[in-house]
Amino acid sequence: MGRKDWLAMRSSSWNGFRRSLVFFLLVLFILLNLFYVLELHQSPAAQPPPKKMNTKFDHLVIGPAAGQGLPNRLQCQGTKALNKTHTPSSSNAGESVSFVTVFTVYNTSLADSRLSNLVTVGNASYTKMERSMAVLNVFVNFIQVTMPRSNVIILTDPASDLSLRRNSVTVYPIQGDYSRDKLMLQRIRSYITFLETRLEELAQNPGHISHYIFTDSDIAVVDDLGHLFNDHPNFHLALTFRNNKEQPLNSGFIAVRGTTDAILRAKIFLQEVLKVYSSKFMSASRMLGDQLALAWAVKSHPGFDLRRFTKAQAFLENIGGASVLFLPCATYNWTPPEGAGQFHGMPLDVKVVHFKGSRKRLMLESWNFLSSSSDISDMLCLVLLSGRTKYDF
């Protein structure tokens, strides 16, 4: 074999080897990619993210009672109160107290009335609309237990199909925009209109004095509030405050003395709040705008000392010509906390419990408990034990 033939044969073999190598590498590449795809599909990380579990419970969740061992706090052994929160008291029999709340009924879809959307509390089941009515009825129940001589006035949309036939309960239609995204704004307007009608009635019958407490409907009055107007004789209206820099005032409790002067000054004060609301906080008209407007109207007053909000002590301040009594939320607007944040229990002098947010089930469960036990202090232990949990409505 000549050198030329040998070189040709060697070149042919090398070309064959290269073709085989390329083919081998191509097959290896395909196999590796196939293996990678198979691994990817089998890996948990490749699965769709699991749906977030619903953390709102459809039953009471009992936890530890906060504030145990602290002075002036409710002490509980289970749902049994070891110290009592309330002592019998009586308000001035010559002056009545009326609770005023804004409530309306919205049209609900067929989906809202399906069995799958029913919520059961005790022996009763509720659709979405029925839940709101159940809360309203329990609101009235608590008032009639703790302040049986008081009245309840429900301000509502004239177009609302609201029917509530209860003793000492009046449904009072006031024209306005009660749509969900304007409800908080309308609430202030309805308060102002209501106070204007009271001024007209007082002009006709000046001897009839009735004090007013404007509240949310998701509160439980757990002690007689009539003493408020006797113990603090110099205020025109009262607001509740907390140590919260952005939202120090809660609009869920506003008390107005029933005299002509106090009602007039409270009306003017709320008109100023409405003006601030409409000019500065319309982006929050669905929620919180009223509280932001309240805070603005108070904090912008010359000389007002914001440090007074850091101590849970009542104080009196003149704001725009109105004598405003500031009451601590810890007593007059106490809210059970959600989550596991810092919490120091329930004060012994608590008078109003506010079941805000996802605490409505707890409000109904608390009423059921009180109906069977007839002991408010024991019921408050139930609230204290169960108030850290988010519920289904």
# chains A, B, ... in the order shown; residues from 1 in each chain; ligands from 1

call {"tool": "closest_atom_pairs", "arguments": {"of": "range 79-183 of chain A", "to": "range 199-222 of chain A", "cutoff": "7 Å", "atoms": "only C-alpha atoms", "output": "CSV"}}
result
residue,atom,partner,partner_atom,distance
A:Glu95,CA,A:Ser210,CA,5.8
A:Ser96,CA,A:Ser210,CA,4.8
A:Val97,CA,A:His211,CA,4.7
A:Ser98,CA,A:Tyr212,CA,4.9
A:Phe99,CA,A:Ile213,CA,4.8
A:Val100,CA,A:Phe214,CA,4.6
A:Thr101,CA,A:Thr215,CA,5.4
A:Val135,CA,A:Asp218,CA,6.3
A:Leu136,CA,A:Ser217,CA,5.8
A:Phe139,CA,A:Ala220,CA,5.9
A:Phe142,CA,A:Ala220,CA,5.7
A:Ile143,CA,A:Val221,CA,5.7
A:Thr146,CA,A:Val222,CA,6.1

call {"tool": "write_last_selection", "arguments": {"atoms": "N, CA and C atoms", "output": "compact mmCIF listing (two decimals), in the first residue's frame"}}
result
# COMPACT_ATOMS: atom_id res chain seq x y z
N GLU A 95 -83.43 61.69 81.61
CA GLU A 95 -82.85 61.93 80.29
C GLU A 95 -82.63 60.59 79.58
N SER A 96 -83.19 60.46 78.41
CA SER A 96 -83.07 59.21 77.67
C SER A 96 -81.81 59.22 76.80
N VAL A 97 -81.40 58.02 76.40
CA VAL A 97 -80.26 57.86 75.51
C VAL A 97 -80.71 57.04 74.31
N SER A 98 -80.43 57.53 73.12
CA SER A 98 -80.76 56.81 71.89
C SER A 98 -79.49 56.47 71.15
N PHE A 99 -79.43 55.25 70.63
CA PHE A 99 -78.32 54.83 69.79
C PHE A 99 -78.73 55.00 68.33
N VAL A 100 -77.82 55.58 67.56
CA VAL A 100 -78.10 55.86 66.16
C VAL A 100 -77.06 55.16 65.30
N THR A 101 -77.51 54.41 64.30
CA THR A 101 -76.58 53.74 63.40
C THR A 101 -77.08 53.86 61.97
N VAL A 135 -76.30 40.54 62.44
CA VAL A 135 -75.43 41.44 63.22
C VAL A 135 -76.24 42.62 63.75
N LEU A 136 -77.10 43.20 62.90
CA LEU A 136 -77.93 44.33 63.32
C LEU A 136 -78.85 43.94 64.48
N PHE A 139 -76.82 43.60 67.64
CA PHE A 139 -76.52 44.96 68.09
C PHE A 139 -77.66 45.49 68.96
N PHE A 142 -77.98 43.48 72.47
CA PHE A 142 -77.06 43.89 73.54
C PHE A 142 -77.53 45.18 74.20
N ILE A 143 -77.98 46.14 73.39
CA ILE A 143 -78.45 47.42 73.94
C ILE A 143 -79.66 47.20 74.84
N THR A 146 -78.40 45.71 78.28
CA THR A 146 -77.61 46.58 79.17
C THR A 146 -78.25 47.94 79.41

call {"tool": "residues_around", "arguments": {"residues": "Arg180 in chain A", "least_positions_apart": "6", "cutoff": "10 Å", "atoms": "only C-alpha atoms", "output": "PDB file with N, CA and C atoms, in the first residue's frame"}}
result
ATOM      1  N   THR A 104     -78.016  49.833  55.650  1.00  0.00           N
ATOM      2  CA  THR A 104     -78.821  49.684  54.445  1.00  0.00           C
ATOM      3  C   THR A 104     -78.703  48.266  53.925  1.00  0.00           C
ATOM      4  N   TYR A 106     -78.409  45.833  50.599  1.00  0.00           N
ATOM      5  CA  TYR A 106     -78.019  45.834  49.194  1.00  0.00           C
ATOM      6  C   TYR A 106     -78.624  44.627  48.482  1.00  0.00           C
ATOM      7  N   GLN A 186     -71.602  59.087  53.136  1.00  0.00           N
ATOM      8  CA  GLN A 186     -73.023  59.278  53.364  1.00  0.00           C
ATOM      9  C   GLN A 186     -73.365  59.195  54.850  1.00  0.00           C
ATOM     10  N   SER A 285     -63.174  57.095  50.191  1.00  0.00           N
ATOM     11  CA  SER A 285     -64.591  57.276  50.518  1.00  0.00           C
ATOM     12  C   SER A 285     -65.271  55.975  50.899  1.00  0.00           C
ATOM     13  N   ARG A 286     -64.719  54.845  50.461  1.00  0.00           N
ATOM     14  CA  ARG A 286     -65.316  53.559  50.805  1.00  0.00           C
ATOM     15  C   ARG A 286     -64.988  53.152  52.236  1.00  0.00           C
ATOM     16  N   MET A 287     -63.783  53.458  52.662  1.00  0.00           N
ATOM     17  CA  MET A 287     -63.334  53.025  53.987  1.00  0.00           C
ATOM     18  C   MET A 287     -62.260  53.971  54.502  1.00  0.00           C
TER      19      MET A 287
END

call {"tool": "residues_around", "arguments": {"residues": "Ser358 in chain A", "least_positions_apart": "4", "cutoff": "8 Å", "atoms": "only C-alpha atoms", "output": "VMD selection string"}}
result
chain A and resid 56 390 to 393

call {"tool": "write_last_selection", "arguments": {"atoms": "N, CA, C and O atoms", "output": "PDB file, in the first residue's frame"}}
result
ATOM      1  N   LYS A  56     -59.758  31.735  57.516  1.00  0.00           N
ATOM      2  CA  LYS A  56     -60.888  32.216  58.299  1.00  0.00           C
ATOM      3  C   LYS A  56     -61.727  31.028  58.749  1.00  0.00           C
ATOM      4  O   LYS A  56     -62.162  30.222  57.938  1.00  0.00           O
ATOM      5  N   LYS A 390     -59.287  35.047  62.950  1.00  0.00           N
ATOM      6  CA  LYS A 390     -60.127  35.570  61.867  1.00  0.00           C
ATOM      7  C   LYS A 390     -61.220  34.551  61.557  1.00  0.00           C
ATOM      8  O   LYS A 390     -60.945  33.366  61.411  1.00  0.00           O
ATOM      9  N   TYR A 391     -62.439  35.049  61.448  1.00  0.00           N
ATOM     10  CA  TYR A 391     -63.573  34.168  61.200  1.00  0.00           C
ATOM     11  C   TYR A 391     -64.168  34.410  59.810  1.00  0.00           C
ATOM     12  O   TYR A 391     -63.788  35.337  59.106  1.00  0.00           O
ATOM     13  N   ASP A 392     -65.139  33.559  59.453  1.00  0.00           N
ATOM     14  CA  ASP A 392     -65.613  33.526  58.085  1.00  0.00           C
ATOM     15  C   ASP A 392     -66.555  34.666  57.729  1.00  0.00           C
ATOM     16  O   ASP A 392     -66.955  34.798  56.583  1.00  0.00           O
ATOM     17  N   PHE A 393     -66.949  35.493  58.692  1.00  0.00           N
ATOM     18  CA  PHE A 393     -67.674  36.729  58.351  1.00  0.00           C
ATOM     19  C   PHE A 393     -67.647  37.666  59.543  1.00  0.00           C
ATOM     20  O   PHE A 393     -67.194  37.296  60.624  1.00  0.00           O
TER      21      PHE A 393
END

call {"tool": "residues_around", "arguments": {"residues": "Leu155 in chain A", "least_positions_apart": "5", "cutoff": "12 Å", "atoms": "only C-alpha atoms", "output": "CSV table (one decimal) with all heavy atoms, in the first residue's frame"}}
result
chain,number,residue,atom,x,y,z
A,99,PHE,N,-79.4,55.2,70.6
A,99,PHE,CA,-78.3,54.8,69.8
A,99,PHE,C,-78.7,55.0,68.3
A,99,PHE,O,-79.8,54.6,67.9
A,99,PHE,CB,-78.0,53.4,70.1
A,99,PHE,CG,-77.3,53.2,71.4
A,99,PHE,CD1,-78.0,53.0,72.6
A,99,PHE,CD2,-75.9,53.1,71.5
A,99,PHE,CE1,-77.4,52.8,73.8
A,99,PHE,CE2,-75.3,53.0,72.7
A,99,PHE,CZ,-76.0,52.8,73.9
A,100,VAL,N,-77.8,55.6,67.6
A,100,VAL,CA,-78.1,55.9,66.2
A,100,VAL,C,-77.1,55.2,65.3
A,100,VAL,O,-75.8,55.3,65.5
A,100,VAL,CB,-78.1,57.4,65.9
A,100,VAL,CG1,-78.5,57.7,64.4
A,100,VAL,CG2,-79.0,58.1,66.8
A,101,THR,N,-77.5,54.4,64.3
A,101,THR,CA,-76.6,53.7,63.4
A,101,THR,C,-77.1,53.9,62.0
A,101,THR,O,-78.3,54.0,61.7
A,101,THR,CB,-76.4,52.3,63.8
A,101,THR,OG1,-75.3,51.7,63.1
A,101,THR,CG2,-77.7,51.4,63.5
A,102,VAL,N,-76.2,53.8,61.0
A,102,VAL,CA,-76.5,53.8,59.6
A,102,VAL,C,-76.5,52.4,59.1
A,102,VAL,O,-75.5,51.7,59.3
A,102,VAL,CB,-75.6,54.7,58.8
A,102,VAL,CG1,-75.8,54.6,57.3
A,102,VAL,CG2,-75.8,56.2,59.2
A,103,PHE,N,-77.5,52.0,58.4
A,103,PHE,CA,-77.6,50.6,57.9
A,103,PHE,C,-78.4,50.6,56.7
A,103,PHE,O,-79.5,51.3,56.6
A,103,PHE,CB,-78.2,49.7,59.0
A,103,PHE,CG,-78.2,48.2,58.6
A,103,PHE,CD1,-77.1,47.4,58.9
A,103,PHE,CD2,-79.2,47.7,57.9
A,103,PHE,CE1,-77.1,46.1,58.6
A,103,PHE,CE2,-79.2,46.3,57.5
A,103,PHE,CZ,-78.2,45.5,57.9
A,104,THR,N,-78.0,49.8,55.6
A,104,THR,CA,-78.8,49.7,54.4
A,104,THR,C,-78.7,48.3,53.9
A,104,THR,O,-77.8,47.5,54.3
A,104,THR,CB,-78.4,50.7,53.4
A,104,THR,OG1,-79.4,50.7,52.3
A,104,THR,CG2,-77.0,50.4,52.8
A,105,VAL,N,-79.7,47.9,53.1
A,105,VAL,CA,-79.7,46.5,52.5
A,105,VAL,C,-79.4,46.6,51.1
A,105,VAL,O,-80.0,47.5,50.3
A,105,VAL,CB,-81.1,45.9,52.7
A,105,VAL,CG1,-81.1,44.5,52.0
A,105,VAL,CG2,-81.4,45.7,54.2
A,160,SER,N,-84.1,51.4,50.4
A,160,SER,CA,-83.7,50.1,51.0
A,160,SER,C,-84.9,49.3,51.5
A,160,SER,O,-85.8,49.9,52.2
A,160,SER,CB,-82.7,50.4,52.2
A,160,SER,OG,-82.4,49.2,52.8
A,162,LEU,N,-85.6,47.6,54.1
A,162,LEU,CA,-85.2,47.3,55.5
A,162,LEU,C,-86.5,47.2,56.4
A,162,LEU,O,-87.2,48.2,56.5
A,162,LEU,CB,-84.3,48.3,56.0
A,162,LEU,CG,-83.8,48.2,57.5
A,162,LEU,CD1,-83.1,46.8,57.7
A,162,LEU,CD2,-82.9,49.3,57.9
A,169,VAL,N,-87.3,50.4,68.6
A,169,VAL,CA,-86.4,50.5,67.4
A,169,VAL,C,-87.2,51.3,66.3
A,169,VAL,O,-88.3,50.9,66.0
A,169,VAL,CB,-85.9,49.1,66.8
A,169,VAL,CG1,-85.1,49.3,65.5
A,169,VAL,CG2,-85.1,48.4,67.9
A,170,THR,N,-86.5,52.3,65.8
A,170,THR,CA,-87.2,53.1,64.7
A,170,THR,C,-86.3,53.1,63.5
A,170,THR,O,-85.1,53.4,63.6
A,170,THR,CB,-87.3,54.6,65.2
A,170,THR,OG1,-88.1,54.6,66.4
A,170,THR,CG2,-88.0,55.4,64.1
A,171,VAL,N,-86.9,52.8,62.3
A,171,VAL,CA,-86.2,53.0,61.1
A,171,VAL,C,-86.5,54.3,60.5
A,171,VAL,O,-87.6,54.7,60.3
A,171,VAL,CB,-86.6,51.9,60.1
A,171,VAL,CG1,-86.0,52.0,58.7
A,171,VAL,CG2,-86.3,50.5,60.6
A,172,TYR,N,-85.4,55.1,60.2
A,172,TYR,CA,-85.5,56.5,59.9
A,172,TYR,C,-84.9,56.7,58.5
A,172,TYR,O,-83.7,56.9,58.4
A,172,TYR,CB,-84.8,57.4,61.0
A,172,TYR,CG,-85.1,58.8,60.9
A,172,TYR,CD1,-86.0,59.4,61.8
A,172,TYR,CD2,-84.5,59.7,60.0
A,172,TYR,CE1,-86.3,60.7,61.8
A,172,TYR,CE2,-84.8,61.0,60.0
A,172,TYR,CZ,-85.7,61.6,60.9
A,172,TYR,OH,-86.0,62.9,60.9
A,173,PRO,N,-85.7,56.8,57.4
A,173,PRO,CA,-85.1,57.0,56.1
A,173,PRO,C,-84.6,58.4,55.9
A,173,PRO,O,-85.2,59.4,56.3
A,173,PRO,CB,-86.3,56.7,55.2
A,173,PRO,CG,-87.3,56.1,56.0
A,173,PRO,CD,-87.1,56.6,57.4
A,174,ILE,N,-83.4,58.5,55.3
A,174,ILE,CA,-82.8,59.8,55.0
A,174,ILE,C,-82.2,59.7,53.6
A,174,ILE,O,-81.4,58.8,53.3
A,174,ILE,CB,-81.6,60.2,56.0
A,174,ILE,CG1,-82.2,60.5,57.3
A,174,ILE,CG2,-80.8,61.4,55.4
A,174,ILE,CD1,-81.2,60.9,58.4
A,175,GLN,N,-82.6,60.6,52.7
A,175,GLN,CA,-82.2,60.5,51.3
A,175,GLN,C,-80.7,60.7,51.2
A,175,GLN,O,-80.1,61.5,51.9
A,175,GLN,CB,-82.9,61.6,50.5
A,175,GLN,CG,-82.9,61.4,49.0
A,175,GLN,CD,-83.7,60.2,48.6
A,175,GLN,OE1,-84.8,60.0,49.1
A,175,GLN,NE2,-83.2,59.4,47.6
A,176,GLY,N,-80.1,60.0,50.2
A,176,GLY,CA,-78.6,60.1,50.0
A,176,GLY,C,-78.1,59.0,49.2
A,176,GLY,O,-78.8,58.2,48.6
A,178,TYR,N,-76.1,55.8,49.3
A,178,TYR,CA,-75.7,54.7,50.2
A,178,TYR,C,-74.9,53.6,49.5
A,178,TYR,O,-74.8,52.5,50.0
A,178,TYR,CB,-76.9,54.2,50.9
A,178,TYR,CG,-77.6,55.1,51.9
A,178,TYR,CD1,-78.5,56.1,51.5
A,178,TYR,CD2,-77.3,55.0,53.3
A,178,TYR,CE1,-79.1,56.9,52.4
A,178,TYR,CE2,-77.9,55.9,54.2
A,178,TYR,CZ,-78.8,56.8,53.7
A,178,TYR,OH,-79.3,57.7,54.6
A,183,LEU,N,-70.5,54.9,51.2
A,183,LEU,CA,-71.2,54.7,52.4
A,183,LEU,C,-70.7,55.5,53.6
A,183,LEU,O,-71.5,56.1,54.4
A,183,LEU,CB,-71.3,53.3,52.8
A,183,LEU,CG,-72.2,52.9,54.0
A,183,LEU,CD1,-73.7,53.4,53.7
A,183,LEU,CD2,-72.2,51.4,54.3
A,186,GLN,N,-71.6,59.1,53.1
A,186,GLN,CA,-73.0,59.3,53.4
A,186,GLN,C,-73.4,59.2,54.9
A,186,GLN,O,-74.3,59.9,55.3
A,186,GLN,CB,-73.8,58.2,52.6
A,186,GLN,CG,-75.3,58.3,52.8
A,186,GLN,CD,-75.9,59.7,52.4
A,186,GLN,OE1,-75.5,60.2,51.4
A,186,GLN,NE2,-76.8,60.2,53.2
A,187,ARG,N,-72.6,58.4,55.6
A,187,ARG,CA,-72.9,58.3,57.0
A,187,ARG,C,-72.8,59.6,57.7
A,187,ARG,O,-73.7,60.0,58.5
A,187,ARG,CB,-72.0,57.2,57.7
A,187,ARG,CG,-72.3,57.0,59.1
A,187,ARG,CD,-71.6,55.8,59.7
A,187,ARG,NE,-70.2,56.0,59.9
A,187,ARG,CZ,-69.4,55.1,60.6
A,187,ARG,NH1,-70.0,54.1,61.1
A,187,ARG,NH2,-68.1,55.3,60.7
A,188,ILE,N,-71.7,60.4,57.4
A,188,ILE,CA,-71.6,61.7,58.0
A,188,ILE,C,-72.7,62.6,57.6
A,188,ILE,O,-73.3,63.3,58.4
A,188,ILE,CB,-70.2,62.3,57.7
A,188,ILE,CG1,-69.1,61.4,58.2
A,188,ILE,CG2,-70.1,63.7,58.2
A,188,ILE,CD1,-67.7,62.0,57.9
A,189,ARG,N,-73.1,62.5,56.3
A,189,ARG,CA,-74.2,63.4,55.9
A,189,ARG,C,-75.5,63.0,56.6
A,189,ARG,O,-76.3,63.9,56.9
A,189,ARG,CB,-74.3,63.2,54.3
A,189,ARG,CG,-73.2,63.9,53.5
A,189,ARG,CD,-73.4,63.5,52.1
A,189,ARG,NE,-72.4,64.3,51.3
A,189,ARG,CZ,-71.9,63.9,50.1
A,189,ARG,NH1,-72.3,62.8,49.6
A,189,ARG,NH2,-71.1,64.7,49.4
A,190,SER,N,-75.7,61.7,56.8
A,190,SER,CA,-76.9,61.3,57.4
A,190,SER,C,-76.9,61.7,58.9
A,190,SER,O,-78.0,62.1,59.4
A,190,SER,CB,-77.1,59.7,57.4
A,190,SER,OG,-77.3,59.3,56.0
A,191,TYR,N,-75.8,61.7,59.5
A,191,TYR,CA,-75.7,62.2,60.9
A,191,TYR,C,-76.1,63.6,61.0
A,191,TYR,O,-76.8,64.1,61.9
A,191,TYR,CB,-74.2,62.0,61.4
A,191,TYR,CG,-73.8,60.6,61.8
A,191,TYR,CD1,-72.5,60.3,62.2
A,191,TYR,CD2,-74.7,59.5,61.7
A,191,TYR,CE1,-72.1,59.0,62.5
A,191,TYR,CE2,-74.3,58.2,62.0
A,191,TYR,CZ,-73.0,58.0,62.4
A,191,TYR,OH,-72.6,56.7,62.8
A,192,ILE,N,-75.5,64.4,60.1
A,192,ILE,CA,-75.8,65.9,60.0
A,192,ILE,C,-77.3,66.1,59.8
A,192,ILE,O,-77.9,66.9,60.5
A,192,ILE,CB,-74.9,66.5,59.0
A,192,ILE,CG1,-73.5,66.5,59.3
A,192,ILE,CG2,-75.4,68.0,58.8
A,192,ILE,CD1,-72.5,66.9,58.2
A,193,THR,N,-77.9,65.4,58.9
A,193,THR,CA,-79.3,65.6,58.6
A,193,THR,C,-80.1,65.2,59.8
A,193,THR,O,-81.1,65.9,60.2
A,193,THR,CB,-79.7,64.7,57.4
A,193,THR,OG1,-79.0,65.1,56.2
A,193,THR,CG2,-81.2,64.9,57.1
A,194,PHE,N,-79.8,64.1,60.5
A,194,PHE,CA,-80.5,63.7,61.7
A,194,PHE,C,-80.4,64.7,62.8
A,194,PHE,O,-81.4,65.1,63.4
A,194,PHE,CB,-79.9,62.4,62.2
A,194,PHE,CG,-80.5,61.9,63.4
A,194,PHE,CD1,-81.8,61.3,63.4
A,194,PHE,CD2,-79.9,62.1,64.7
A,194,PHE,CE1,-82.4,60.8,64.6
A,194,PHE,CE2,-80.5,61.6,65.8
A,194,PHE,CZ,-81.7,61.0,65.8
A,195,LEU,N,-79.2,65.3,63.0
A,195,LEU,CA,-79.1,66.3,64.0
A,195,LEU,C,-79.9,67.6,63.7
A,195,LEU,O,-80.4,68.2,64.6
A,195,LEU,CB,-77.6,66.7,64.2
A,195,LEU,CG,-76.7,65.6,64.8
A,195,LEU,CD1,-75.3,66.0,64.8
A,195,LEU,CD2,-77.2,65.3,66.2
A,214,PHE,N,-73.9,57.8,68.4
A,214,PHE,CA,-73.8,57.3,67.0
A,214,PHE,C,-72.7,56.2,66.9
A,214,PHE,O,-71.6,56.4,67.3
A,214,PHE,CB,-73.4,58.4,66.0
A,214,PHE,CG,-74.4,59.5,66.0
A,214,PHE,CD1,-74.4,60.5,67.0
A,214,PHE,CD2,-75.4,59.6,65.0
A,214,PHE,CE1,-75.4,61.6,66.9
A,214,PHE,CE2,-76.3,60.6,64.9
A,214,PHE,CZ,-76.3,61.6,65.9
A,215,THR,N,-73.1,55.0,66.5
A,215,THR,CA,-72.2,53.9,66.5
A,215,THR,C,-72.3,53.1,65.2
A,215,THR,O,-73.2,53.2,64.5
A,215,THR,CB,-72.4,52.9,67.7
A,215,THR,OG1,-73.6,52.2,67.4
A,215,THR,CG2,-72.6,53.7,69.0
A,216,ASP,N,-71.2,52.3,65.0
A,216,ASP,CA,-71.3,51.2,64.0
A,216,ASP,C,-72.3,50.2,64.5
A,216,ASP,O,-72.6,50.1,65.7
A,216,ASP,CB,-70.0,50.5,63.8
A,216,ASP,CG,-68.9,51.4,63.1
A,216,ASP,OD1,-69.4,52.5,62.5
A,216,ASP,OD2,-67.7,51.1,63.1
A,217,SER,N,-72.8,49.3,63.6
A,217,SER,CA,-73.8,48.3,64.1
A,217,SER,C,-73.1,47.0,64.5
A,217,SER,O,-73.8,46.1,65.0
A,217,SER,CB,-74.8,48.0,62.9
A,217,SER,OG,-74.1,47.6,61.8

call {"tool": "select_by_dssp", "arguments": {"residues": "range 104-255 of chain A", "states": "alpha helix (DSSP H)", "output": "VMD selection string"}}
result
chain A and resid 128 to 146 183 to 204 227 to 231

call {"tool": "select_by_dssp", "arguments": {"residues": "range 244-373 of chain A", "states": "strand (DSSP E)", "output": "ChimeraX atom specification"}}
result
/A:249-256,315-319,322-328,352-354

call {"tool": "write_last_selection", "arguments": {"atoms": "N, CA, C and O atoms", "output": "mmCIF file, in the first residue's frame"}}
result
data_model
loop_
_atom_site.group_PDB
_atom_site.id
_atom_site.type_symbol
_atom_site.label_atom_id
_atom_site.label_comp_id
_atom_site.auth_asym_id
_atom_site.auth_seq_id
_atom_site.Cartn_x
_atom_site.Cartn_y
_atom_site.Cartn_z
ATOM 1 N N LEU A 249 -58.274 58.526 65.814
ATOM 2 C CA LEU A 249 -59.689 58.598 66.175
ATOM 3 C C LEU A 249 -60.480 57.534 65.433
ATOM 4 O O LEU A 249 -60.265 57.299 64.245
ATOM 5 N N ASN A 250 -61.397 56.899 66.160
ATOM 6 C CA ASN A 250 -62.260 55.891 65.539
ATOM 7 C C ASN A 250 -63.669 56.453 65.430
ATOM 8 O O ASN A 250 -64.230 56.935 66.426
ATOM 9 N N SER A 251 -64.239 56.401 64.244
ATOM 10 C CA SER A 251 -65.547 57.018 64.000
ATOM 11 C C SER A 251 -66.705 56.114 64.398
ATOM 12 O O SER A 251 -67.862 56.490 64.222
ATOM 13 N N GLY A 252 -66.411 54.933 64.936
ATOM 14 C CA GLY A 252 -67.472 53.990 65.280
ATOM 15 C C GLY A 252 -68.220 54.313 66.552
ATOM 16 O O GLY A 252 -69.158 53.586 66.921
ATOM 17 N N PHE A 253 -67.850 55.408 67.230
ATOM 18 C CA PHE A 253 -68.533 55.819 68.459
ATOM 19 C C PHE A 253 -68.433 57.330 68.581
ATOM 20 O O PHE A 253 -67.340 57.875 68.746
ATOM 21 N N ILE A 254 -69.571 58.014 68.466
ATOM 22 C CA ILE A 254 -69.630 59.467 68.635
ATOM 23 C C ILE A 254 -70.843 59.769 69.512
ATOM 24 O O ILE A 254 -71.976 59.435 69.146
ATOM 25 N N ALA A 255 -70.613 60.370 70.650
ATOM 26 C CA ALA A 255 -71.712 60.716 71.560
ATOM 27 C C ALA A 255 -72.013 62.211 71.450
ATOM 28 O O ALA A 255 -71.098 63.027 71.353
ATOM 29 N N VAL A 256 -73.298 62.562 71.463
ATOM 30 C CA VAL A 256 -73.727 63.962 71.367
ATOM 31 C C VAL A 256 -74.735 64.242 72.483
ATOM 32 O O VAL A 256 -75.744 63.534 72.603
ATOM 33 N N PHE A 315 -60.021 63.195 78.237
ATOM 34 C CA PHE A 315 -59.686 64.615 78.381
ATOM 35 C C PHE A 315 -60.630 65.452 77.535
ATOM 36 O O PHE A 315 -61.240 64.966 76.568
ATOM 37 N N LEU A 316 -60.762 66.720 77.899
ATOM 38 C CA LEU A 316 -61.676 67.652 77.247
ATOM 39 C C LEU A 316 -60.877 68.696 76.485
ATOM 40 O O LEU A 316 -59.868 69.202 76.978
ATOM 41 N N GLU A 317 -61.335 69.028 75.266
ATOM 42 C CA GLU A 317 -60.621 70.007 74.441
ATOM 43 C C GLU A 317 -61.639 70.802 73.625
ATOM 44 O O GLU A 317 -62.644 70.249 73.147
ATOM 45 N N ASN A 318 -61.366 72.084 73.459
ATOM 46 C CA ASN A 318 -62.222 72.910 72.619
ATOM 47 C C ASN A 318 -61.720 72.843 71.180
ATOM 48 O O ASN A 318 -60.582 73.225 70.894
ATOM 49 N N ILE A 319 -62.570 72.352 70.289
ATOM 50 C CA ILE A 319 -62.210 72.229 68.876
ATOM 51 C C ILE A 319 -63.226 72.995 68.045
ATOM 52 O O ILE A 319 -64.390 72.595 67.946
ATOM 53 N N ALA A 322 -66.548 73.781 69.692
ATOM 54 C CA ALA A 322 -67.240 72.657 70.328
ATOM 55 C C ALA A 322 -66.380 72.090 71.444
ATOM 56 O O ALA A 322 -65.162 71.932 71.297
ATOM 57 N N SER A 323 -67.002 71.791 72.563
ATOM 58 C CA SER A 323 -66.308 71.148 73.667
ATOM 59 C C SER A 323 -66.320 69.640 73.407
ATOM 60 O O SER A 323 -67.375 68.997 73.494
ATOM 61 N N VAL A 324 -65.152 69.098 73.051
ATOM 62 C CA VAL A 324 -65.052 67.702 72.629
ATOM 63 C C VAL A 324 -64.415 66.885 73.745
ATOM 64 O O VAL A 324 -63.321 67.195 74.226
ATOM 65 N N LEU A 325 -65.114 65.841 74.151
ATOM 66 C CA LEU A 325 -64.586 64.910 75.145
ATOM 67 C C LEU A 325 -63.935 63.749 74.407
ATOM 68 O O LEU A 325 -64.567 63.094 73.567
ATOM 69 N N PHE A 326 -62.668 63.500 74.697
ATOM 70 C CA PHE A 326 -61.949 62.394 74.071
ATOM 71 C C PHE A 326 -61.910 61.218 75.052
ATOM 72 O O PHE A 326 -61.396 61.344 76.164
ATOM 73 N N LEU A 327 -62.463 60.098 74.622
ATOM 74 C CA LEU A 327 -62.579 58.904 75.460
ATOM 75 C C LEU A 327 -61.665 57.808 74.930
ATOM 76 O O LEU A 327 -61.589 57.597 73.715
ATOM 77 N N PRO A 328 -60.987 57.079 75.807
ATOM 78 C CA PRO A 328 -60.086 56.024 75.324
ATOM 79 C C PRO A 328 -60.859 54.849 74.713
ATOM 80 O O PRO A 328 -61.843 54.366 75.286
ATOM 81 N N VAL A 352 -67.836 49.084 75.724
ATOM 82 C CA VAL A 352 -68.255 48.792 74.347
ATOM 83 C C VAL A 352 -67.211 47.882 73.715
ATOM 84 O O VAL A 352 -66.010 48.175 73.762
ATOM 85 N N VAL A 353 -67.681 46.788 73.119
ATOM 86 C CA VAL A 353 -66.804 45.886 72.373
ATOM 87 C C VAL A 353 -67.142 46.028 70.896
ATOM 88 O O VAL A 353 -68.311 45.911 70.505
ATOM 89 N N HIS A 354 -66.138 46.310 70.085
ATOM 90 C CA HIS A 354 -66.323 46.560 68.653
ATOM 91 C C HIS A 354 -65.795 45.363 67.865
ATOM 92 O O HIS A 354 -64.600 45.112 67.834
#

call {"tool": "closest_residue", "arguments": {"among": "A:Asn72, A:Thr260, A:Thr389, A:Gln144", "to": "Ala330 in chain A", "atoms": "only C-alpha atoms"}}
result
A:Asn72
